[in-house]
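K.L.:
Got a structure for you, written out below as structure tokens; questions coming shortly.
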Amino acid sequence: MNDASGALRRTALHGAHLALGARMVPFGGFEMPVQYASILAEHEAVRKRAGLFDLSHMGQFELHGSEVGEWAESLTVNRVANMKPGAARYNIFTNERGGAHDDVIFYRVSDDDWLLVVNASNADAMWALVSAAQAGDVRLTNLHGERALIAIQGPRAASLLQPYVEADLAGLRYYACTRTRVRETRDPILIARTGYTGEDGFELFLSNDEAVGVWDLLLAENRKHGLAACGLGARDVLRLEAGMPLYGHEMDEEITPLQAGLAWAIKFDKPAFVGKDALAAQRDADDYARIVGVTMEGRAPARAGYTVFAGGERAGEVRSGSWGPSLGKNVATALVVPSAAAEGTPLEIEIRGTRHPAVTVPLPFYRRPKK
Amino acid sequence: MAQPAGLLYSKEHEWVKLDGDVATVGITDYAQASLGDIVYVELPRLGATLEQFGSIGVVESVKAVSDIFTPVGGEVIAINDAIEADPALVNREPYDGGWFYKVKLGDVSQSAELMSPEQYDRLISQT
């Protein structure tokens with residue numbers, strides 16, 4: 001993460017961000033762009049056209065071997081071994097209490113070649129974890145900071161990206177991945193139809209020395225089609241509207257994937273995995289606090305840490321909150337007691353000593369329009 | 001945007017327009033640019049009595065909540081309703097349509113605590 005002096009690391013695109021006038025902030029041990037011109041303008045670009053994101057701060061681990069699938073399944077909630085080459089899948093590494101070490105995506109590039117992408121804030125801890133857990137025919141390589149990651153997200157992402165890639169993007173399903181030649185790269189690279197915005201989009205895993213060329217080319221030629229560089233500020237609003245969890249907010253070492261509303265990702269019919277017993281017990285007792293969506297009635301935003309009341313009693317706390325431009329309302333997630341979790345439950349959020357009316361709503365707040 | 005003449009400024013990046021003993025207060029162009037997209041402003045209540053330099057409300061951008069420290073004290077005699085429905089007005093017109101509130105000064109000499117346009121300009125060019 002930080003080097004010995006404590007200085008922040010920089011991605012291969014650092015100079016490009018500065019040239020675009022980005023406001024840089026520390027994130028996960030890297031200097032990252034939180035915004036360029038305006039978070040709301042960048043958010044709108046992604047919802048209406050396309051945005052380009054530098055995600056090179058995230059952890060990337062290559063996994064190689066014949067036993068990767070089974071090995072990974074013992075450490076995570078979802079299935080891994082039955083992923084076909086060319087598949088990507090969301091998963092969570094758990095602790096013995098069923099809490100989350102991190103939420104991740106596995107990409108199976110070929111039978112024996114996999115990529116695991118982890119959150120930037122957990123890159124060091126996750127590397128330590130997988131290294132310590134290494135067993136059998138599983139070889140691990142840490143590429144954190146060694147390879148770039150650019151995402152293009154938005155309704156125009158496929159049409160804007162297609163001229164630059166050999167693969168037929170129309171044939172690449174959501175959560176599929178493939179190796180393909182991309183303009184300005186020597187060798188084929190991995191691309192995946194994955195993202196964190198609720199829009200269509202692609203993630204491109206590029207070598208550090210080629211990332212700037214691809215980034216600059218895409219922007220230079222597609223600004224006229226509405227492509228905009230977008231920072232982490234817009235990314236957070238987009239993912240919140242799309243009901244996607246952010247590690248450390250909707251899920252952490254104590255808040256389990258079950259509490260976070262991710263039961264779909266927990267395969268209880270796997271014979272064993274870390275935290276299975278705890279999660280099964282939690283599921284069976286069904287009295288756990290859970291993450292819900294919240295919309296505010298008024299203009300004051302709810303923010304992480306604000307107390308939630310229902311029926312005058314303390315019912316939980318806000319975990320994430322923001323103005324939601326796609327909704328025209330303030331939206332939030334909250335961890336609340338079961339009695340406050342039903343859709344339509346009237347809530348009050350305490351903001352600077354005053355309680356503001358709100359209501360429990362299902363997630364996501366926003367779904368992209370069907371074509 | 002150059003600092004408008006005819007206004008006084010605070011270290012906390014507010015401007016004050018004096019009209020006798022009535023002061024109109026808002027935030028500067030430097031402040032709105034630093035904050036980014038403003039999504040909410042919590043203003044003091046009509047009739048509230050403010051202490052000079054006290055924390056009397058907040059300005060919220062997409063990512064952050066910032067305190068408003070009133071550059072002058074007195075009774076709040078008007079608040080700008082337009083910015084509740086359209087907080088981005090503060091970004092677009094920090095010195096005009098995006099004003100925050102008006103105060104009837106309890107002590108007109110408080111304006112001596114504030115900066116001239118030139119002094120404020122020097123302050124922000126140092127940051």
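Letters A, B, ... go to the chains of the structure tokens in the order shown; residues in each chain start at 1; ligands are counted from 1 in the same order.
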List the neighbours of B:Tyr30 out to 12 Å using only C-alpha atoms; skip same-chain residues closer than 6 positions along the sequence, and give me the result as JSON, numbers by chain.

P.N.:
{"B": [1, 2, 3, 4, 9, 10, 11, 12, 13, 14, 15, 36, 90, 91, 93, 94, 95, 120, 121, 123, 124, 125, 127]}

K.L.:
Contacts between chain B and chain A, please, where a residue of chain A counts if it comes within 8 Å (with only C-alpha atoms); show its shortest atom pair and distance in Å to one decimal, rows by chain and ascending number, as CSV.

P.N.:
```
residue,atom,partner,partner_atom,distance
A:Ser38,CA,B:Gly36,CA,6.4
A:Ile39,CA,B:Asp37,CA,6.8
A:Leu40,CA,B:Asp37,CA,6.7
A:Gly233,CA,B:Lys63,CA,7.2
A:Arg299,CA,B:Tyr40,CA,6.4
A:Ala300,CA,B:Tyr40,CA,6.1
A:Pro301,CA,B:Tyr40,CA,7.5
A:Ser322,CA,B:Val62,CA,6.5
A:Trp323,CA,B:Val62,CA,6.6
```

K.L.:
Which is closest to A:Gly275 among A:Gln60, A:Thr360, A:Ser74, A:Asn122, if we use only C-alpha atoms?

P.N.:
A:Ser74

K.L.:
Rank nothing, just name the residue among A:Ala123, A:Leu160, A:Val109, A:Val274 nearest to A:Cys177, using only C-alpha atoms.

P.N.:
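Using only C-alpha atoms, A:Cys177 sits closest to A:Val109.
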
K.L.:
As JSON, numbers by chain, please: every residue in stretch 268-338 of chain A that a backbone DSSP assignment puts in helix (DSSP H, G or I).

P.N.:
{"A": [276, 277, 278, 279, 280, 281, 282, 283, 284, 285, 338]}

K.L.:
Keeping only N, CA and C atoms, take the residues you just selected and write them out as a PDB file, in the first residue's frame.

P.N.:
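Saved as result16.pdb:
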```pdb
ATOM      1  N   LYS A 276     -19.869 -20.687   7.436  1.00  0.00           N
ATOM      2  CA  LYS A 276     -21.140 -21.287   7.027  1.00  0.00           C
ATOM      3  C   LYS A 276     -22.070 -21.518   8.220  1.00  0.00           C
ATOM      4  N   ASP A 277     -21.531 -22.100   9.290  1.00  0.00           N
ATOM      5  CA  ASP A 277     -22.394 -22.413  10.436  1.00  0.00           C
ATOM      6  C   ASP A 277     -22.990 -21.144  11.035  1.00  0.00           C
ATOM      7  N   ALA A 278     -22.161 -20.119  11.159  1.00  0.00           N
ATOM      8  CA  ALA A 278     -22.657 -18.865  11.736  1.00  0.00           C
ATOM      9  C   ALA A 278     -23.743 -18.258  10.850  1.00  0.00           C
ATOM     10  N   LEU A 279     -23.532 -18.300   9.539  1.00  0.00           N
ATOM     11  CA  LEU A 279     -24.528 -17.725   8.633  1.00  0.00           C
ATOM     12  C   LEU A 279     -25.815 -18.541   8.642  1.00  0.00           C
ATOM     13  N   ALA A 280     -25.697 -19.860   8.709  1.00  0.00           N
ATOM     14  CA  ALA A 280     -26.893 -20.707   8.749  1.00  0.00           C
ATOM     15  C   ALA A 280     -27.692 -20.432  10.018  1.00  0.00           C
ATOM     16  N   ALA A 281     -26.991 -20.279  11.121  1.00  0.00           N
ATOM     17  CA  ALA A 281     -27.674 -19.993  12.383  1.00  0.00           C
ATOM     18  C   ALA A 281     -28.360 -18.635  12.321  1.00  0.00           C
ATOM     19  N   GLN A 282     -27.668 -17.682  11.723  1.00  0.00           N
ATOM     20  CA  GLN A 282     -28.246 -16.334  11.592  1.00  0.00           C
ATOM     21  C   GLN A 282     -29.498 -16.379  10.719  1.00  0.00           C
ATOM     22  N   ARG A 283     -29.387 -17.109   9.619  1.00  0.00           N
ATOM     23  CA  ARG A 283     -30.527 -17.260   8.717  1.00  0.00           C
ATOM     24  C   ARG A 283     -31.707 -17.905   9.435  1.00  0.00           C
ATOM     25  N   ASP A 284     -31.438 -18.952  10.203  1.00  0.00           N
ATOM     26  CA  ASP A 284     -32.516 -19.696  10.856  1.00  0.00           C
ATOM     27  C   ASP A 284     -33.168 -18.880  11.966  1.00  0.00           C
ATOM     28  N   ALA A 285     -32.381 -18.126  12.703  1.00  0.00           N
ATOM     29  CA  ALA A 285     -32.955 -17.306  13.779  1.00  0.00           C
ATOM     30  C   ALA A 285     -33.743 -16.148  13.197  1.00  0.00           C
ATOM     31  N   PRO A 338     -35.301  -5.720  12.564  1.00  0.00           N
ATOM     32  CA  PRO A 338     -36.279  -6.300  11.638  1.00  0.00           C
ATOM     33  C   PRO A 338     -37.621  -5.561  11.626  1.00  0.00           C
TER      34      PRO A 338
END
```

K.L.:
Out of chain B, which residues get strand (DSSP E) from DSSP, as a ChimeraX atom specification?

P.N.:
/B:8-9,14-19,22-27,38-42,49-50,55-61,65-69,74-79,101-105

K.L.:
Can you tell me, as a count of residues only, what residues are no more than 7 Å from stretch 206-217 of chain A when counting only C-alpha atoms, ignoring any on the same chain fewer than 2 positions away?

P.N.:
13

K.L.:
Extract, using only C-alpha atoms, all DNA, RNA and protein residues at most 10 Å from A:Arg173, discarding same-chain residues fewer than 6 positions from it, and format them as a PyMOL selection string.

P.N.:
chain A and resi 86-87+192-194

K.L.:
Any chance you could export the current selection's C-alpha atoms as a JSON list (two decimals), in the first residue's frame?

P.N.:
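Writing the result to result_30.json gives the following:
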```json
[["chain", "number", "residue", "atom", "x", "y", "z"],
["A", 86, "GLY", "CA", -15.20, -16.61, -19.64],
["A", 87, "ALA", "CA", -17.36, -16.09, -16.56],
["A", 192, "ALA", "CA", -15.23, -8.04, -18.67],
["A", 193, "ARG", "CA", -18.79, -6.84, -18.83],
["A", 194, "THR", "CA", -18.85, -5.90, -15.18]]
```
